[in-house]
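> Sharing run27.txt (compact mmCIF, C-alpha atoms and all ligand atoms) below.
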# COMPACT_ATOMS: atom_id res chain seq x y z
CA MET A 1 0.00 0.00 0.00
CA GLN A 2 1.18 3.49 -0.81
CA ASP A 3 0.25 6.57 1.25
CA THR A 4 -1.59 9.17 -0.79
CA VAL A 5 -3.88 12.21 -0.49
CA CYS A 6 -7.47 12.12 -1.75
CA CYS A 7 -8.68 15.16 -3.70
CA GLY A 8 -12.25 13.87 -3.99
CA CYS A 9 -13.63 16.71 -1.83
CA SER A 10 -12.51 19.61 0.35
CA VAL A 11 -11.73 17.35 3.34
CA VAL A 12 -8.55 16.33 1.42
CA CYS A 13 -7.90 13.15 3.42
CA ASP A 14 -4.17 12.61 3.92
CA ASP A 15 -4.49 9.46 6.03
CA VAL A 16 -5.32 7.08 3.19
CA ALA A 17 -3.40 4.49 1.20
CA VAL A 18 -3.92 2.67 -2.08
CA THR A 19 -2.49 -0.10 -4.15
CA THR A 20 -3.08 -0.74 -7.84
CA LYS A 21 -2.98 -4.13 -9.54
CA LYS A 22 -4.12 -5.03 -13.04
CA ALA A 23 -6.21 -1.90 -13.48
CA THR A 24 -7.99 -2.23 -10.14
CA LEU A 25 -7.58 -0.08 -7.08
CA GLN A 26 -7.60 -1.28 -3.51
CA SER A 27 -7.76 1.39 -0.86
CA LEU A 28 -7.46 1.86 2.85
CA GLY A 29 -9.37 4.69 4.50
CA LEU A 30 -11.01 6.15 1.40
CA CYS A 31 -14.76 6.74 1.52
CA LYS A 32 -16.98 5.63 -1.36
CA LEU A 33 -16.61 9.00 -3.11
CA GLY A 34 -12.85 8.99 -2.64
CA HIS A 35 -12.52 5.43 -3.93
CA GLU A 36 -14.51 6.36 -7.04
CA TYR A 37 -12.39 9.48 -7.51
CA CYS A 38 -9.07 7.61 -7.23
CA ASN A 39 -10.35 4.69 -9.29
CA SER A 40 -11.04 7.08 -12.17
CA ILE A 41 -7.37 6.74 -13.21
CA PHE A 42 -8.53 3.48 -14.81
CA SER A 43 -11.61 4.94 -16.46
CA LYS A 44 -12.06 3.78 -20.05
CA THR A 45 -13.43 7.19 -21.02
CA ARG A 46 -10.26 9.01 -19.96
CA LEU A 47 -9.17 11.80 -22.36
CA THR A 48 -5.72 11.05 -23.74
CA GLN A 49 -5.36 13.26 -26.83
CA PRO A 50 -5.89 16.96 -27.50
CA LEU A 51 -8.94 17.68 -29.66
CA LEU A 52 -9.59 20.59 -31.99
CA LYS A 53 -12.96 21.59 -33.44
CA SER A 54 -12.83 21.62 -37.24
CA ASN A 55 -14.82 23.92 -39.55
CA SER A 56 -17.55 21.27 -39.69
CA GLY A 57 -17.93 21.63 -35.90
CA LYS A 58 -16.55 18.14 -35.17
CA GLN A 59 -13.69 17.66 -32.71
CA LYS A 60 -10.69 15.86 -34.14
CA PRO A 61 -7.47 14.61 -32.46
CA VAL A 62 -4.43 16.87 -33.01
CA THR A 63 -0.89 17.05 -31.67
CA ILE A 64 -0.30 18.90 -28.45
CA SER A 65 1.85 21.52 -30.19
CA SER A 66 -0.86 22.38 -32.71
CA ALA A 67 -3.48 22.53 -29.92
CA ILE A 68 -1.22 24.91 -27.99
CA GLN A 69 -0.61 27.05 -31.08
CA LYS A 70 -4.33 27.31 -31.80
CA SER A 71 -5.16 28.10 -28.15
CA ALA A 72 -2.38 30.70 -27.84
CA ARG A 73 -3.67 32.44 -30.97
CA LEU A 74 -7.25 32.33 -29.73
CA LEU A 75 -6.31 33.88 -26.39
CA ARG A 76 -3.96 36.46 -27.88
CA GLU A 77 -6.57 37.66 -30.36
CA SER A 78 -9.27 37.94 -27.66
CA GLN A 79 -10.09 41.36 -26.29
CA LYS A 80 -11.23 39.92 -22.95
CA PRO A 81 -10.73 36.20 -22.22
CA LEU A 82 -12.16 34.62 -19.08
CA ILE A 83 -9.66 32.29 -17.37
CA PHE A 84 -12.00 30.18 -15.29
CA GLY A 85 -12.38 27.13 -12.98
CA TRP A 86 -9.37 26.28 -10.77
CA SER A 87 -10.88 24.76 -7.61
CA ASN A 88 -9.78 21.25 -8.62
CA SER A 89 -6.30 22.42 -9.66
CA THR A 90 -3.11 22.49 -7.63
CA THR A 91 -2.01 25.79 -6.14
CA GLU A 92 0.96 25.78 -8.50
CA ALA A 93 -1.37 25.47 -11.53
CA ILE A 94 -3.58 28.26 -10.13
CA GLN A 95 -0.54 30.56 -9.97
CA LEU A 96 -0.04 29.90 -13.68
CA GLY A 97 -3.74 30.52 -14.32
CA LEU A 98 -3.31 33.97 -12.78
CA LYS A 99 -0.22 34.54 -14.92
CA LEU A 100 -2.14 33.53 -18.04
CA ALA A 101 -4.91 36.01 -17.17
CA GLN A 102 -2.26 38.67 -16.70
CA VAL A 103 -0.47 38.10 -20.03
CA THR A 104 -3.77 37.98 -21.93
CA LYS A 105 -5.23 40.97 -20.00
CA GLY A 106 -8.16 38.76 -19.16
CA VAL A 107 -10.26 38.04 -16.10
CA PHE A 108 -9.29 35.31 -13.61
CA ASP A 109 -12.20 33.72 -11.80
CA SER A 110 -12.70 30.50 -9.85
CA THR A 111 -15.64 28.46 -8.61
CA ALA A 112 -15.06 30.29 -5.31
CA SER A 113 -16.92 33.33 -6.60
CA PHE A 114 -20.00 31.10 -6.91
CA GLU A 115 -19.40 28.88 -3.86
CA TYR A 116 -18.07 31.58 -1.60
CA GLY A 117 -18.80 35.04 -2.99
CA ALA A 118 -21.68 36.05 -0.71
CA LEU A 119 -19.64 35.08 2.34
CA PHE A 120 -17.06 37.74 1.66
CA ASP A 121 -19.74 40.44 1.76
CA ALA A 122 -21.03 39.02 5.05
CA LYS A 123 -17.45 38.74 6.37
CA LEU A 124 -18.15 35.10 7.13
CA HIS A 125 -15.32 33.38 5.36
CA GLY A 126 -14.32 31.13 8.22
CA GLY A 127 -13.00 31.35 11.75
CA GLU A 128 -14.74 34.38 13.20
CA THR A 129 -12.38 34.26 16.15
CA GLY A 130 -9.28 34.12 13.97
CA GLN A 131 -7.41 31.01 13.05
CA VAL A 132 -9.25 27.73 13.54
CA ASN A 133 -8.72 24.44 11.82
CA LEU A 134 -10.40 21.06 11.79
CA ASP A 135 -7.87 19.68 14.27
CA ASP A 136 -9.00 22.34 16.80
CA VAL A 137 -12.60 21.32 16.10
CA ARG A 138 -11.78 17.65 16.73
CA ASP A 139 -9.91 18.52 19.94
CA SER A 140 -12.31 21.02 21.49
CA ALA A 141 -15.72 21.47 19.82
CA ASP A 142 -18.47 20.18 22.12
CA HIS A 143 -21.38 21.33 19.94
CA ILE A 144 -21.25 20.66 16.18
CA VAL A 145 -23.83 22.34 13.94
CA TYR A 146 -24.32 21.48 10.27
CA TRP A 147 -26.58 24.04 8.60
CA GLY A 148 -27.77 23.68 5.01
CA VAL A 149 -25.28 20.93 4.25
CA ASN A 150 -25.49 17.15 4.22
CA PRO A 151 -21.94 15.86 4.79
CA ALA A 152 -23.13 12.24 4.87
CA GLU A 153 -23.52 12.65 1.11
CA SER A 154 -21.06 15.40 0.17
CA HIS A 155 -18.10 15.18 2.62
CA HIS A 156 -18.23 11.56 3.83
CA ARG A 157 -15.33 11.54 6.30
CA HIS A 158 -15.84 15.02 7.78
CA ALA A 159 -17.78 13.62 10.74
CA SER A 160 -15.58 10.59 11.37
CA ARG A 161 -12.25 12.41 11.12
CA PHE A 162 -12.97 15.76 12.72
CA THR A 163 -16.38 16.63 14.04
CA VAL A 164 -18.72 13.98 15.43
CA PHE A 165 -17.01 10.71 16.31
CA PRO A 166 -13.32 11.25 17.13
CA LYS A 167 -12.01 11.78 20.64
CA GLY A 168 -10.06 15.00 21.16
CA LYS A 169 -7.94 16.69 23.80
CA ASP A 170 -11.03 18.17 25.50
CA ILE A 171 -13.47 15.59 24.11
CA PRO A 172 -12.58 12.42 26.02
CA GLU A 173 -15.58 10.33 24.97
CA GLY A 174 -15.78 11.30 21.30
CA ARG A 175 -19.40 11.19 20.15
CA GLU A 176 -20.72 10.99 23.74
CA SER A 177 -18.94 14.24 24.64
CA ARG A 178 -20.52 16.26 21.84
CA VAL A 179 -23.94 17.63 20.98
CA VAL A 180 -24.67 17.42 17.24
CA SER A 181 -27.31 19.52 15.48
CA VAL A 182 -28.32 19.33 11.84
CA ILE A 183 -30.48 22.07 10.37
CA ASP A 184 -32.02 21.82 6.92
CA ILE A 185 -35.26 22.27 5.05
CA ARG A 186 -35.76 18.53 4.64
CA GLU A 187 -34.82 15.34 6.43
CA THR A 188 -31.27 14.36 5.47
CA GLU A 189 -28.99 11.40 5.96
CA SER A 190 -26.78 13.49 8.29
CA MET A 191 -29.68 13.90 10.72
CA ARG A 192 -29.20 10.27 11.76
CA LEU A 193 -26.09 11.46 13.63
CA ALA A 194 -27.81 14.34 15.36
CA ASN A 195 -29.24 15.08 18.80
CA HIS A 196 -31.14 18.01 17.29
CA GLN A 197 -32.80 17.40 13.94
CA LEU A 198 -34.22 20.76 13.01
CA ILE A 199 -36.28 20.94 9.84
CA LEU A 200 -36.97 24.52 8.78
CA ALA A 201 -39.85 25.73 6.68
CA PRO A 202 -38.68 26.34 3.08
CA ASN A 203 -38.25 29.95 1.98
CA SER A 204 -38.08 32.20 5.03
CA GLY A 205 -37.72 29.51 7.76
CA ASP A 206 -33.98 30.17 8.17
CA VAL A 207 -34.45 33.94 8.60
CA GLU A 208 -37.18 33.49 11.24
CA PHE A 209 -35.17 30.83 13.05
CA LEU A 210 -31.98 32.93 13.15
CA GLN A 211 -33.80 36.04 14.31
CA ALA A 212 -35.49 34.14 17.13
CA LEU A 213 -32.22 32.45 18.08
CA ILE A 214 -30.46 35.80 18.33
CA ALA A 215 -33.30 37.25 20.44
CA GLU A 216 -33.21 34.17 22.71
CA LEU A 217 -29.44 34.47 23.25
CA GLU A 218 -29.70 38.22 23.82
CA GLY A 219 -32.56 37.68 26.27
CA THR A 220 -34.89 39.98 24.32
CA GLN A 221 -37.45 37.34 23.30
CA ASP A 222 -40.90 38.34 24.52
CA HIS A 223 -43.18 35.93 22.70
CA LEU A 224 -42.64 32.69 20.81
CA PRO A 225 -45.23 31.22 18.46
CA GLU A 226 -45.96 27.48 18.38
CA LYS A 227 -43.31 26.99 15.75
CA VAL A 228 -40.14 28.96 15.02
CA GLY A 229 -39.28 28.96 11.32
CA GLY A 230 -41.14 25.65 11.06
CA VAL A 231 -39.45 24.07 14.12
CA PRO A 232 -41.60 23.22 17.17
CA THR A 233 -40.81 25.77 19.91
CA ILE A 234 -39.83 23.14 22.46
CA GLU A 235 -37.12 21.84 20.08
CA PHE A 236 -36.00 25.37 19.29
CA LEU A 237 -35.57 26.19 23.00
CA SER A 238 -33.69 22.96 23.72
CA PHE A 239 -31.30 23.66 20.81
CA ALA A 240 -30.79 27.30 21.91
CA LYS A 241 -29.96 26.20 25.47
CA GLN A 242 -27.40 23.62 24.36
CA LEU A 243 -25.85 26.15 22.00
CA ARG A 244 -25.53 28.69 24.82
CA ASP A 245 -24.14 26.09 27.24
CA ALA A 246 -21.43 24.80 24.86
CA ASP A 247 -17.81 25.81 25.43
CA ASN A 248 -16.87 25.59 21.76
CA VAL A 249 -19.42 25.57 18.98
CA ALA A 250 -18.27 24.62 15.46
CA LEU A 251 -20.81 25.74 12.91
CA PHE A 252 -20.46 24.40 9.36
CA TYR A 253 -22.72 25.94 6.77
CA GLY A 254 -23.35 24.96 3.19
CA ASN A 255 -25.17 25.82 0.01
CA GLY A 256 -28.57 25.48 1.66
CA LEU A 257 -27.81 28.62 3.65
CA VAL A 258 -25.30 30.43 1.43
CA HIS A 259 -27.36 30.11 -1.74
CA SER A 260 -30.86 30.34 -0.33
CA THR A 261 -33.04 33.08 -1.78
CA HIS A 262 -32.73 34.82 1.61
CA ALA A 263 -28.91 34.68 1.84
CA ALA A 264 -28.63 38.48 1.90
CA GLN A 265 -30.55 38.41 5.19
CA THR A 266 -29.35 35.13 6.69
CA LEU A 267 -25.60 35.60 6.34
CA PRO A 268 -25.42 38.84 8.40
CA PHE A 269 -27.65 37.13 11.03
CA LEU A 270 -25.28 34.17 11.06
CA ALA A 271 -22.34 36.54 11.61
CA LYS A 272 -24.24 38.12 14.51
CA LEU A 273 -25.05 34.70 16.01
CA SER A 274 -21.38 33.76 15.88
CA LYS A 275 -20.45 37.02 17.63
CA LEU A 276 -23.00 36.38 20.38
CA LEU A 277 -21.67 32.88 20.98
CA ASN A 278 -18.11 34.22 21.26
CA ARG A 279 -18.22 35.58 24.78
CA GLY A 280 -15.97 35.08 27.81
CA ASN A 281 -14.37 31.68 27.47
CA HIS A 282 -16.98 30.46 24.98
CA ARG A 283 -16.04 30.14 21.32
CA CYS A 284 -17.98 29.78 18.09
CA TRP A 285 -16.10 28.87 14.95
CA THR A 286 -17.85 29.18 11.60
CA LEU A 287 -16.57 27.42 8.51
CA PRO A 288 -18.12 27.13 5.03
CA MET A 289 -18.40 23.60 3.63
CA VAL A 290 -16.88 24.36 0.23
CA ALA A 291 -17.08 21.50 -2.24
CA TYR A 292 -13.83 21.16 -4.14
CA CYS A 293 -10.37 20.09 -3.02
CA ASN A 294 -8.71 23.47 -3.63
CA THR A 295 -11.47 26.11 -3.53
CA ILE A 296 -9.66 27.64 -0.56
CA GLY A 297 -6.33 27.44 -2.42
CA SER A 298 -7.81 29.36 -5.35
CA VAL A 299 -8.83 32.16 -2.96
CA LYS A 300 -5.52 32.17 -1.07
CA THR A 301 -3.44 32.18 -4.25
CA SER A 302 -5.48 34.93 -5.83
CA VAL A 303 -5.28 37.08 -2.67
CA ALA A 304 -1.52 36.50 -2.39
CA THR A 305 -0.99 37.58 -6.01
CA THR A 306 -3.59 40.30 -6.54
CA LYS A 307 -5.10 41.06 -3.10
CA LEU A 308 -8.48 40.04 -4.55
CA PRO A 309 -10.08 36.65 -3.72
CA PHE A 310 -11.56 35.99 -7.21
CA SER A 311 -13.10 37.80 -10.20
CA VAL A 312 -9.85 39.64 -10.96
CA ASP A 313 -9.69 41.85 -14.05
CA PHE A 314 -6.10 42.29 -15.27
CA ILE A 315 -6.15 45.76 -16.78
CA SER A 316 -3.15 47.58 -18.30
CA LYS A 317 -1.88 48.89 -14.98
CA GLY A 318 -2.63 46.37 -12.26
CA VAL A 319 -5.93 44.76 -11.38
CA LYS A 320 -9.49 45.63 -10.49
CA ALA A 321 -12.36 43.57 -9.11
CA VAL A 322 -15.16 42.55 -11.45
CA GLU A 323 -18.36 43.67 -9.76
CA SER A 324 -20.47 40.70 -10.85
CA ILE A 325 -18.92 37.94 -12.89
CA GLN A 326 -22.40 36.56 -13.56
CA THR A 327 -23.53 39.81 -15.15
CA SER A 328 -20.28 40.05 -17.13
CA ILE A 329 -20.92 36.57 -18.54
CA THR A 330 -24.56 37.12 -19.42
CA ASP A 331 -23.81 40.60 -20.85
CA SER A 332 -21.29 38.96 -23.25
CA GLU A 333 -18.29 40.94 -21.96
CA PHE A 334 -15.98 38.01 -22.70
CA ASP A 335 -15.01 36.88 -26.16
CA SER A 336 -13.31 33.60 -25.22
CA VAL A 337 -12.98 31.33 -22.19
CA LEU A 338 -10.46 28.84 -20.82
CA ILE A 339 -11.93 26.44 -18.24
CA ALA A 340 -9.57 24.40 -16.06
CA GLY A 341 -10.69 21.26 -14.22
CA TRP A 342 -14.39 22.05 -13.90
CA ASP A 343 -17.47 21.06 -15.85
CA ALA A 344 -18.80 24.62 -15.79
CA LEU A 345 -21.52 24.03 -18.37
CA SER A 346 -23.09 21.29 -16.22
CA PHE A 347 -22.88 23.16 -12.94
CA LEU A 348 -23.71 26.77 -13.80
CA PRO A 349 -27.31 28.01 -14.02
CA GLY A 350 -28.84 27.89 -17.53
CA PRO A 351 -28.33 31.50 -18.70
CA LEU A 352 -24.66 31.49 -17.63
CA ALA A 353 -23.97 28.09 -19.19
CA LYS A 354 -25.70 29.18 -22.38
CA ALA A 355 -23.66 32.40 -22.62
CA LEU A 356 -20.38 30.53 -22.02
CA SER A 357 -21.19 27.77 -24.49
CA SER A 358 -21.51 30.34 -27.27
CA LEU A 359 -17.87 31.47 -26.83
CA PRO A 360 -14.76 29.98 -28.42
CA SER A 361 -13.40 27.87 -25.56
CA ILE A 362 -10.43 25.89 -24.31
CA ALA A 363 -11.11 23.09 -21.81
CA LEU A 364 -8.54 21.35 -19.61
CA SER A 365 -10.05 18.11 -18.35
CA THR A 366 -9.35 14.52 -17.37
CA HIS A 367 -12.62 13.13 -18.74
CA PRO A 368 -15.21 14.10 -21.36
CA THR A 369 -17.87 16.45 -19.97
CA LEU A 370 -20.49 18.80 -21.36
CA THR A 371 -17.82 21.53 -21.20
CA THR A 372 -15.31 19.53 -23.27
CA ASP A 373 -18.05 18.50 -25.72
CA LYS A 374 -18.63 22.17 -26.60
CA ALA A 375 -14.97 23.26 -26.54
CA THR A 376 -12.98 24.58 -29.49
CA VAL A 377 -9.82 23.02 -28.04
CA VAL A 378 -9.70 20.21 -25.46
CA PHE A 379 -6.54 19.34 -23.52
CA PRO A 380 -6.34 16.08 -21.55
CA VAL A 381 -4.58 16.61 -18.23
CA ALA A 382 -3.30 14.53 -15.32
CA LEU A 383 -5.59 13.87 -12.35
CA THR A 384 -4.90 16.22 -9.45
CA GLY A 385 -3.37 14.40 -6.50
CA MET A 386 -3.21 10.92 -7.97
CA GLU A 387 -0.95 11.81 -10.89
CA THR A 388 0.46 15.20 -9.81
CA THR A 389 2.61 16.63 -7.08
CA GLY A 390 1.78 20.07 -5.71
CA THR A 391 -0.20 21.65 -2.88
CA VAL A 392 -3.89 22.03 -2.15
CA TYR A 393 -5.61 23.74 0.78
CA ARG A 394 -8.08 21.76 2.86
CA MET A 395 -11.45 23.40 3.58
CA ASP A 396 -10.05 24.96 6.79
CA GLY A 397 -7.07 26.49 4.95
CA THR A 398 -4.50 23.86 6.00
CA PRO A 399 -1.99 23.25 3.18
CA VAL A 400 -1.59 19.61 2.16
CA GLN A 401 1.24 18.27 -0.01
CA LEU A 402 -0.01 15.82 -2.63
CA GLN A 403 1.45 12.31 -2.87
CA PRO A 404 0.79 10.88 -6.35
CA PHE A 405 0.56 7.11 -6.70
CA ALA A 406 0.17 6.79 -10.47
CA LYS A 407 1.54 8.19 -13.73
CA ALA A 408 -0.70 9.99 -16.20
CA PRO A 409 -1.26 8.20 -19.53
CA LYS A 410 1.56 8.68 -22.06
CA GLY A 411 1.57 12.18 -23.53
CA VAL A 412 -0.94 13.60 -21.01
CA PRO A 413 0.62 16.61 -19.25
CA THR A 414 -0.08 18.09 -15.81
CA GLU A 415 -2.08 21.33 -15.86
CA GLU A 416 1.07 23.04 -14.64
CA LYS A 417 3.17 21.90 -17.59
CA LEU A 418 0.42 22.66 -20.08
CA LEU A 419 -0.22 26.15 -18.72
CA SER A 420 3.50 26.99 -18.83
CA GLN A 421 3.55 26.02 -22.51
CA LEU A 422 0.41 28.02 -23.17
CA ILE A 423 1.81 31.13 -21.48
CA ASN A 424 5.02 30.81 -23.53
CA GLY A 425 2.87 30.38 -26.64
CA VAL A 426 0.91 33.56 -25.92
CA ILE A 427 4.03 35.60 -25.09
CA SER A 428 6.11 34.44 -28.04
CA SER A 429 3.48 34.43 -30.78
S1 LIG B 501 -13.98 12.54 2.54
FE1 LIG B 501 -13.43 13.54 0.61
S2 LIG B 501 -11.19 13.66 0.65
FE2 LIG B 501 -11.81 12.15 2.24
S3 LIG B 501 -11.73 10.16 1.21
FE3 LIG B 501 -13.84 10.93 0.98
S4 LIG B 501 -13.83 12.04 -0.99
FE4 LIG B 501 -11.71 11.74 -0.39
With the file now loaded, output its structure as structure tokens.
Ligand code: SF4


Amino acid sequence: MQDTVCCGCSVVCDDVAVTTKKATLQSLGLCKLGHEYCNSIFSKTRLTQPLLKSNSGKQKPVTISSAIQKSARLLRESQKPLIFGWSNSTTEAIQLGLKLAQVTKGVFDSTASFEYGALFDAKLHGGETGQVNLDDVRDSADHIVYWGVNPAESHHRHASRFTVFPKGKDIPEGRESRVVSVIDIRETESMRLANHQLILAPNSGDVEFLQALIAELEGTQDHLPEKVGGVPTIEFLSFAKQLRDADNVALFYGNGLVHSTHAAQTLPFLAKLSKLLNRGNHRCWTLPMVAYCNTIGSVKTSVATTKLPFSVDFISKGVKAVESIQTSITDSEFDSVLIAGWDALSFLPGPLAKALSSLPSIALSTHPTLTTDKATVVFPVALTGMETTGTVYRMDGTPVQLQPFAKAPKGVPTEEKLLSQLINGVISS
């Protein structure tokens, strides 16, 4: 067995091992998602050759040098290319993505602007009390809250490694020493783990619930209806009491809260709740449950290079922030797009996907996707983590060095190598 690091989700498990024999993978420690992710090195649908769209609209295999030439010309002749994706790329590749945006005077943007954008406005991008990481949570958090996220389906080992089950320095009994609360608008698999299973009314249930919670903690509540945001009042009061009594609350929030139609109201309330719970020796840590293995790395790398977290417009003298990347896309401000490691056309809402699919595009991908199907140029690339070295940042901002266990198919470059060649192509042509 060989130690490796799984890049199947933002938990970035570095305590796993694999062995490969006759095109099968055996693993130790990987969850089902992680096993599927690592096993994809053997996928029969793997991309292994660059493809170029011909005049007839069909994609045909070409050499890597002619694909680079074509892509370099496309980017150089663009007035405003969008250099997009990045949350499944290594930090080293992201640095080159920023460089490519700079040399083409384009816009750099990552999935973080969609996963994470609203949190920046609400100043809720993790660790309200300063630095906190998942090891602190494992060691000291005695009340775990999952809000609008279902880690039993999206981040399988989050609970077993860090939040619910493990023993920690101040958590001698593991699960028995913690209170676990799961809040969502429907029953979820994660609720099986929970002491408090709080099902909110869809639409404004989260706003009502947060407002009442804040009033309860402030001691300004004068009247409670039978239900609070859809939750029976008796359950609401029991949850509020255990939240107030906890020494260290770790609150993980996901798309259900960040992307609800009421996010503009809920996120400032969440920030206020966190502040209220941080009093005296009591702590409340808030962390977003981002999806991809290096969403946090894309933000960190962009901030380190440009001081902006995402949506960076490289203008002649320096950079400026793009106000709304979504509006820029739908208003056709871009005339080409390069998408690295993300099936943007499958994940983005219809109008954005439609606008992007009408542009000349370059896709860097390991497997065929809707995004590669529509691309003008497709580059096969090595799988992050399994076939590449480099660094990614776990969801709590901890850097993790990758430990590849396989070689990419012959002729398939890493994103890093490919982007270096592309940058040289743009500069020299
Ligand atoms: S929890 Fe995520 S990182 Fe860990 S093994 Fe599963 S997919 Fe991989």

> Looking at A:Ile423, A:Met289, A:Leu224, A:Ala101, which one is nearest to ligand LIG 501 (chain B), with distances taken over all atoms listed in the file?

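When distances to ligand LIG 501 (chain B) are compared using all atoms listed in the file, the smallest one comes from A:Met289.
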
> Just the residues within 8 Å of A:Asp396, please, counting all atoms listed in the file, with nothing from its chain fewer than 6 positions along; format it as a VMD selection string.

chain A and resid 126 132 to 134 287 296

> Selection from above, C-alpha atoms, as a CSV table (one decimal), in the frame of the given file, can you write it?


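Output saved as out_34.csv:
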chain,number,residue,atom,x,y,z
A,126,GLY,CA,-14.3,31.1,8.2
A,132,VAL,CA,-9.2,27.7,13.5
A,133,ASN,CA,-8.7,24.4,11.8
A,134,LEU,CA,-10.4,21.1,11.8
A,287,LEU,CA,-16.6,27.4,8.5
A,296,ILE,CA,-9.7,27.6,-0.6

> Return as a ChimeraX atom specification the residues of protein, DNA or RNA that approach ligand LIG 501 (chain B) to within 8 Å, with only C-alpha atoms and all ligand atoms taken into account.

/A:5-14,16,29-35,37,154-158,293

> Could you tell me, as an NGL selection string, which residues have any atom at most 7 Å from (-7.4, 19.3, -24.6), counting all atoms listed in the file?

:A and (49-51 or 363-365 or 377-380)

> Could you state the separation of atom CA of A:Gly254 and atom CA of A:Val149 in Å, given to one decimal place?

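Spanning atom CA of A:Gly254 to atom CA of A:Val149 is a straight-line distance of 4.6 Å.
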
> Near A:Leu251, counting all atoms listed in the file, which residues have an atom at most 9 Å away, once you skip same-chain residues fewer than 6 positions from it, shown as a VMD selection string?

chain A and resid 143 to 147 274 284 to 288

> Quick one, how far is atom CA of A:Ala406 from atom CA of A:Asp373?

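We find that atom CA of A:Ala406 and atom CA of A:Asp373 lie 26.5 Å from each other.
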
> Between A:Ser140, A:Thr90, A:Asn281, A:Ser324, which has the minimum distance to A:Val392 (counting all atoms listed in the file)?

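Of A:Ser140, A:Thr90, A:Asn281, A:Ser324, the one nearest A:Val392, counting all atoms listed in the file, is A:Thr90.
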
> Work out how far apart atom CA of A:Glu216 and atom CA of A:Asn195 are and give it in Å to one decimal.

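Atom CA of A:Asn195 lies at a distance of 19.9 Å from atom CA of A:Glu216.
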
> If you count all atoms listed in the file, which residues fall within 7 Å of stretch 309-314 of chain A, apart from same-chain ones fewer than 4 positions away, as a tab-separated table (two decimals) with C-alpha atoms, in the coordinates of the input?


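Done, and the output landed in selection-v1.tsv:
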chain	number	residue	atom	x	y	z
A	101	ALA	CA	-4.91	36.01	-17.17
A	102	GLN	CA	-2.26	38.67	-16.70
A	105	LYS	CA	-5.23	40.97	-20.00
A	106	GLY	CA	-8.16	38.76	-19.16
A	107	VAL	CA	-10.26	38.04	-16.10
A	108	PHE	CA	-9.29	35.31	-13.61
A	109	ASP	CA	-12.20	33.72	-11.80
A	110	SER	CA	-12.70	30.50	-9.85
A	112	ALA	CA	-15.06	30.29	-5.31
A	113	SER	CA	-16.92	33.33	-6.60
A	299	VAL	CA	-8.83	32.16	-2.96
A	300	LYS	CA	-5.52	32.17	-1.07
A	302	SER	CA	-5.48	34.93	-5.83
A	303	VAL	CA	-5.28	37.08	-2.67
A	318	GLY	CA	-2.63	46.37	-12.26
A	319	VAL	CA	-5.93	44.76	-11.38
A	320	LYS	CA	-9.49	45.63	-10.49
A	321	ALA	CA	-12.36	43.57	-9.11
A	322	VAL	CA	-15.16	42.55	-11.45
A	325	ILE	CA	-18.92	37.94	-12.89

> Find the residue from A:Leu213, A:Lys227, A:Ala240, A:Ile83 that sits nearest to A:Leu96; use only C-alpha atoms when measuring.

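Nearest candidate to A:Leu96 out of A:Leu213, A:Lys227, A:Ala240, A:Ile83: A:Ile83.
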
> With distances taken over all atoms listed in the file, which of A:Asp15, A:Thr91, A:Gln69, A:Phe162 is nearest to A:Glu416?

A:Thr91

> At a cut-off of 8 Å, using all atoms listed in the file, what residues contact A:Leu257? Leave out same-chain residues fewer than 5 positions from it and give the result as a PDB file with C-alpha atoms, in the coordinates of the input.


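Result went into part04.pdb, see below:
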ATOM      1  CA  TRP A 147     -26.580  24.040   8.600  1.00  0.00           C
ATOM      2  CA  GLY A 148     -27.770  23.680   5.010  1.00  0.00           C
ATOM      3  CA  ASP A 206     -33.980  30.170   8.170  1.00  0.00           C
ATOM      4  CA  ALA A 263     -28.910  34.680   1.840  1.00  0.00           C
ATOM      5  CA  THR A 266     -29.350  35.130   6.690  1.00  0.00           C
ATOM      6  CA  LEU A 267     -25.600  35.600   6.340  1.00  0.00           C
TER       7      LEU A 267
END

> List the spatial neighbours of A:Gly174 as a list in words - criterion: any atom at most 6 Å away, all atoms listed in the file, same-chain residues fewer than 6 positions off excluded.

Phe165, Pro166 and Lys167 of chain A

> Export, as a PDB file, in the frame of the given file, the selected residues with C-alpha atoms.


ATOM      1  CA  PHE A 165     -17.010  10.710  16.310  1.00  0.00           C
ATOM      2  CA  PRO A 166     -13.320  11.250  17.130  1.00  0.00           C
ATOM      3  CA  LYS A 167     -12.010  11.780  20.640  1.00  0.00           C
TER       4      LYS A 167
END

> From the list A:Pro268, A:Pro232, A:Gly85, A:Gly390, which residue is nearest A:Gly341 when using all atoms listed in the file?

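Nearest to A:Gly341: A:Gly85.
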
> Looking at only C-alpha atoms, which of A:Leu237, A:Ala201, A:Met386, A:Ile329 is the one that sits closest to A:Ala17?

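Checking each candidate against A:Ala17, we get A:Met386 as the closest.
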